[in-house]
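Below is the file query_36.cif, which contains mmCIF, C-alpha atoms.
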```
data_model
#
loop_
_atom_site.label_atom_id
_atom_site.label_comp_id
_atom_site.auth_asym_id
_atom_site.auth_seq_id
_atom_site.Cartn_x
_atom_site.Cartn_y
_atom_site.Cartn_z
CA MET X 16 19.49 40.23 18.88
CA LYS X 17 22.82 39.18 17.33
CA SER X 18 22.29 35.59 18.44
CA ILE X 19 18.81 35.51 16.87
CA LEU X 20 20.22 36.82 13.58
CA ALA X 21 23.03 34.26 13.74
CA ILE X 22 20.52 31.42 14.29
CA ILE X 23 18.36 32.63 11.39
CA ALA X 24 21.42 32.90 9.12
CA PHE X 25 22.53 29.38 10.10
CA ILE X 26 19.08 27.92 9.40
CA LEU X 27 18.90 29.64 6.01
CA LEU X 28 22.38 28.51 4.95
CA PHE X 29 21.74 24.98 6.21
CA SER X 30 18.39 24.74 4.44
CA LEU X 31 19.78 26.05 1.14
CA HIS X 32 22.53 23.44 1.23
CA ASN X 33 20.59 20.47 2.58
CA PHE X 34 17.09 20.75 1.17
CA SER X 35 17.31 21.10 -2.57
CA GLN X 36 14.91 18.92 -4.53
CA ASN X 37 17.83 17.06 -6.13
CA LYS X 38 19.73 16.11 -2.96
CA ASN X 39 21.02 12.55 -3.17
CA HIS X 40 21.00 10.78 0.21
CA LEU X 41 22.41 7.57 -1.26
CA LYS X 42 26.05 8.57 -0.78
CA VAL X 43 27.34 6.63 -3.80
CA LEU X 44 30.78 7.95 -4.65
CA PRO X 45 32.62 7.67 -7.97
CA ASN X 46 35.05 4.82 -8.62
CA ARG X 47 38.07 7.17 -8.68
CA PHE X 48 38.88 10.38 -6.88
CA THR X 49 40.70 13.15 -8.67
CA THR X 50 43.43 14.77 -6.62
CA GLU X 51 45.84 17.67 -6.71
CA ASN X 52 49.53 17.07 -7.43
CA ASN X 53 50.41 17.20 -3.73
CA TYR X 54 48.36 14.04 -3.06
CA GLU X 55 49.21 10.48 -3.99
CA ILE X 56 46.78 7.61 -4.14
CA TYR X 57 47.92 4.39 -2.51
CA LYS X 58 45.94 1.20 -2.96
CA THR X 59 46.48 -0.83 0.20
CA ASN X 60 43.56 -3.22 -0.33
CA PRO X 61 42.05 -3.46 -3.81
CA ASP X 62 38.66 -4.49 -2.42
CA SER X 63 37.94 -1.79 0.12
CA ILE X 64 40.60 0.69 1.22
CA GLU X 65 42.29 3.62 -0.50
CA ALA X 66 44.60 5.94 1.42
CA PHE X 67 45.21 9.55 0.38
CA ASN X 68 48.52 10.73 1.79
CA ALA X 69 49.65 14.29 2.23
CA LYS X 70 52.66 15.65 4.09
CA ASP X 71 51.17 15.63 7.60
CA SER X 72 47.77 14.01 7.23
CA ARG X 73 46.00 11.19 5.48
CA THR X 74 42.53 9.78 5.03
CA ILE X 75 41.70 6.09 4.93
CA ILE X 76 38.51 5.12 3.17
CA ASN X 77 36.71 1.82 3.65
CA LYS X 78 34.05 1.22 1.01
CA THR X 79 31.71 -1.39 -0.43
CA GLN X 80 31.94 -1.76 -4.20
CA LEU X 81 28.77 -1.35 -6.31
CA GLU X 82 28.20 -1.54 -10.06
CA ASN X 83 28.08 2.26 -10.44
CA GLY X 84 30.54 3.30 -7.73
CA PHE X 85 30.76 2.43 -4.07
CA LEU X 86 29.17 3.06 -0.68
CA LEU X 87 31.35 4.81 1.87
CA ILE X 88 31.61 2.69 5.06
CA ASP X 89 34.36 4.40 7.11
CA TYR X 90 36.26 7.63 6.61
CA ILE X 91 39.25 7.86 8.96
CA ARG X 92 41.45 10.95 9.36
CA GLN X 93 44.98 10.60 10.72
CA SER X 94 47.88 12.97 11.33
CA TRP X 95 51.62 12.37 11.39
CA ASN X 96 53.22 13.06 14.80
CA GLY X 97 56.80 12.84 13.48
CA SER X 98 57.19 9.09 13.94
CA ALA X 99 53.78 7.46 13.43
CA TRP X 100 50.27 8.02 12.08
CA VAL X 101 47.84 8.99 14.85
CA ASN X 102 44.06 8.60 14.60
CA GLU X 103 42.05 11.82 14.83
CA SER X 104 38.47 11.12 13.77
CA LYS X 105 36.32 8.51 12.06
CA ASP X 106 32.96 8.75 10.31
CA SER X 107 31.04 5.47 9.93
CA TYR X 108 28.13 4.97 7.52
CA THR X 109 25.32 2.37 7.60
CA TYR X 110 22.89 1.62 4.76
CA ASP X 111 19.64 -0.28 4.30
CA GLY X 112 18.88 -2.93 1.68
CA SER X 113 18.18 -0.20 -0.91
CA ASN X 114 21.62 1.35 -0.29
CA LYS X 115 20.00 4.34 1.41
CA LEU X 116 22.06 5.94 4.17
CA THR X 117 20.43 5.12 7.52
CA GLU X 118 23.11 6.21 9.98
CA LYS X 119 26.17 8.45 10.02
CA LEU X 120 28.23 8.09 13.20
CA TYR X 121 31.07 10.45 14.13
CA HIS X 122 33.92 9.31 16.41
CA SER X 123 36.94 11.02 17.92
CA TRP X 124 40.07 9.16 18.96
CA GLY X 125 40.43 8.67 22.71
CA ASP X 126 43.51 7.31 24.43
CA SER X 127 43.28 3.91 22.75
CA SER X 128 39.84 3.59 21.13
CA TRP X 129 37.20 5.42 19.15
CA ASP X 130 34.81 7.53 21.25
CA LYS X 131 31.32 8.25 19.94
CA SER X 132 30.49 11.94 19.51
CA GLU X 133 27.54 12.55 17.15
CA MET X 134 25.07 10.48 15.17
CA TYR X 135 22.67 11.23 12.34
CA SER X 136 19.83 8.76 11.72
CA PHE X 137 17.85 8.78 8.47
CA THR X 138 14.37 7.32 7.88
CA TYR X 139 12.71 6.84 4.49
CA ASN X 140 9.16 6.20 3.29
CA GLU X 141 8.05 3.37 1.01
CA SER X 142 8.99 5.54 -2.02
CA LEU X 143 12.54 5.80 -0.61
CA ASN X 144 12.16 9.52 0.12
CA LEU X 145 13.94 10.84 3.21
CA THR X 146 11.26 11.53 5.85
CA VAL X 147 13.27 12.08 9.06
CA GLU X 148 16.83 13.23 9.76
CA LEU X 149 17.65 13.01 13.47
CA LYS X 150 20.84 14.42 15.01
CA GLN X 151 21.97 13.19 18.43
CA TYR X 152 25.12 13.56 20.51
CA TRP X 153 26.77 11.10 22.87
CA ASN X 154 27.06 12.24 26.49
CA GLY X 155 29.28 9.34 27.54
CA PHE X 156 26.37 7.10 28.53
CA THR X 157 23.51 7.53 26.07
CA TRP X 158 22.44 9.34 22.90
CA ILE X 159 20.81 12.73 23.52
CA ASN X 160 18.51 14.30 20.92
CA ARG X 161 19.70 17.57 19.43
CA HIS X 162 17.46 18.37 16.45
CA LYS X 163 15.21 16.65 13.94
CA TYR X 164 14.12 17.46 10.40
CA SER X 165 10.86 16.02 9.07
CA PHE X 166 10.16 16.00 5.33
CA ILE X 167 6.77 15.72 3.59
CA TYR X 168 6.23 14.77 -0.06
CA ASP X 169 3.28 14.98 -2.45
CA VAL X 170 1.87 12.02 -4.41
CA ASN X 171 4.49 12.64 -7.12
CA ASN X 172 7.35 12.31 -4.57
CA ASN X 173 8.17 16.02 -4.71
CA GLN X 174 9.23 17.44 -1.37
CA ILE X 175 6.59 19.98 -0.36
CA GLU X 176 7.54 20.75 3.23
CA TRP X 177 10.19 20.39 5.90
CA LEU X 178 10.03 21.05 9.61
CA LEU X 179 12.98 21.61 11.97
CA ARG X 180 12.50 20.79 15.65
CA PHE X 181 14.91 21.13 18.58
CA TRP X 182 15.00 18.90 21.64
CA ASN X 183 14.56 20.78 24.94
CA ASP X 184 15.40 17.89 27.35
CA SER X 185 11.82 16.57 27.43
CA ALA X 186 10.01 17.36 24.16
CA TRP X 187 10.49 18.54 20.58
CA VAL X 188 10.07 22.30 20.06
CA ASN X 189 9.36 23.73 16.61
CA GLY X 190 12.27 25.72 15.19
CA ALA X 191 11.52 26.41 11.52
CA LYS X 192 9.19 25.28 8.79
CA HIS X 193 9.45 25.60 5.03
CA ILE X 194 6.64 24.94 2.57
CA TYR X 195 7.47 24.67 -1.13
CA LEU X 196 5.00 26.53 -3.35
CA SER X 197 4.77 26.08 -7.09
CA LEU X 198 2.80 27.75 -9.82
CA ILE X 199 0.87 25.55 -12.23
CA HIS X 200 0.86 26.80 -15.80
CA ILE X 201 -1.87 25.59 -18.10
#
```
If you took the structure in this file and wrote it as structure tokens, what would it be?
Amino acid sequence: MKSILAIIAFILLFSLHNFSQNKNHLKVLPNRFTTENNYEIYKTNPDSIEAFNAKDSRTIINKTQLENGFLLIDYIRQSWNGSAWVNESKDSYTYDGSNKLTEKLYHSWGDSSWDKSEMYSFTYNESLNLTVELKQYWNGFTWINRHKYSFIYDVNNNQIEWLLRFWNDSAWVNGAKHIYLSLIHI
């Protein structure tokens, strides 16, 4: 019973965070980050990389510049081992011609290279609305489905429904469904 309640709580928290009508899936970030006093901003490459250094960790950001900000390409986390910076994890982002996020790939650092761990794939309709969000994990040989969200919109591009499905090794199994209801006032 506790595990069922935990799953329901997770789905509710995830849906509140991820499925608001105003969610922006473009991932355009502002031109400048604001930071606390314990961080310093170092420009190592004026075209694409900014490093944020702290005492024992840093983040390296690779971006593509746009008119109104930039698209995040890579987000690399490193830690200081006492004598050198050591890679920990890397998130890579891919976009389509409309600057819509189409893939988010998570890596962990192996002995000498980046190892794939998880991937999110995003599909959009002709109105550029997100229609499918697919999460997969890497088993060392191939991508394995984990879960998939499907989104439905009305003719005015308002999201009216989402469906969560889980992969059970051979087929998608329904997990949760949410339908948005609205009252029309005349």
Selection result of the PyMOL selection byres ((chain X and resi 100) around 12) on this file, as a PyMOL selection string: chain X and resi 68-75+91-99+101-103
How would the residues just chosen look if you wrote them out with C-alpha atoms as an mmCIF file, in the coordinates of the input?
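Printed below is result-v9.cif as written:
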```
data_model
loop_
_atom_site.group_PDB
_atom_site.id
_atom_site.type_symbol
_atom_site.label_atom_id
_atom_site.label_comp_id
_atom_site.auth_asym_id
_atom_site.auth_seq_id
_atom_site.Cartn_x
_atom_site.Cartn_y
_atom_site.Cartn_z
ATOM 1 C CA ASN X 68 48.520 10.730 1.790
ATOM 2 C CA ALA X 69 49.650 14.290 2.230
ATOM 3 C CA LYS X 70 52.660 15.650 4.090
ATOM 4 C CA ASP X 71 51.170 15.630 7.600
ATOM 5 C CA SER X 72 47.770 14.010 7.230
ATOM 6 C CA ARG X 73 46.000 11.190 5.480
ATOM 7 C CA THR X 74 42.530 9.780 5.030
ATOM 8 C CA ILE X 75 41.700 6.090 4.930
ATOM 9 C CA ILE X 91 39.250 7.860 8.960
ATOM 10 C CA ARG X 92 41.450 10.950 9.360
ATOM 11 C CA GLN X 93 44.980 10.600 10.720
ATOM 12 C CA SER X 94 47.880 12.970 11.330
ATOM 13 C CA TRP X 95 51.620 12.370 11.390
ATOM 14 C CA ASN X 96 53.220 13.060 14.800
ATOM 15 C CA GLY X 97 56.800 12.840 13.480
ATOM 16 C CA SER X 98 57.190 9.090 13.940
ATOM 17 C CA ALA X 99 53.780 7.460 13.430
ATOM 18 C CA VAL X 101 47.840 8.990 14.850
ATOM 19 C CA ASN X 102 44.060 8.600 14.600
ATOM 20 C CA GLU X 103 42.050 11.820 14.830
#
```
Spell out the residues picked by the PyMOL selection byres ((chain X and resi 183) around 12) here, as a PyMOL selection string. chain X and resi 159-163+180-182+184-190
I'd like the neighbourhood of Ser165 in chain X as a ChimeraX atom specification, where a residue qualifies if any of its atoms comes within 8 Å (using only C-alpha atoms), though same-chain residues fewer than 5 positions away should be ignored. /X:146-148,177-179
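The nearest approach to Leu87 in chain X among the residues X:Lys119, X:Lys150, X:Ser113, X:Asn173, with all atoms listed in the file taken into account, belongs to X:Lys119.
Going from CA of Lys105 in chain X over to CA of Tyr90 in chain X, you cover 5.5 Å.
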Spatial sel., origin (17.4, 4.2, 10.2), limit 6 Å, all atoms listed in the file, listed as number ranges by chain: X: 117, 136-138
Figure out the distance between CA of Ser142 in chain X and CA of Gly84 in chain X, please, to one decimal in Å. 22.4 Å
I'd like to know which of X:Asn83, X:Ser132, X:Asn144, X:Gln151 is closest to Tyr168 in chain X, using all atoms listed in the file. X:Asn144
Box in all listed atoms of range 74-78 of chain X, axis-aligned, with 5 Å more on each side; write out centre and edge lengths in Å to one decimal as lines of an AutoDock Vina configuration file.
```
center_x = 38.3
center_y = 5.5
center_z = 3.0
size_x = 18.5
size_y = 18.6
size_z = 14.0
```
Do you have the CA of Leu120 in chain X-CA of Trp158 in chain X distance handy?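 Straight-line distance from CA of Leu120 in chain X to CA of Trp158 in chain X works out to 11.4 Å.
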Suppose a student applies the PyMOL selection byres ((chain X and resi 128) around 12) to this structure; what residues should they get, written as a list in words?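 Applied to this file, the PyMOL selection byres ((chain X and resi 128) around 12) selects Val101, Asn102, Glu103, Ser104, Lys105, His122, Ser123, Trp124, Gly125, Asp126, Ser127, Trp129, Asp130 and Lys131 of chain X.
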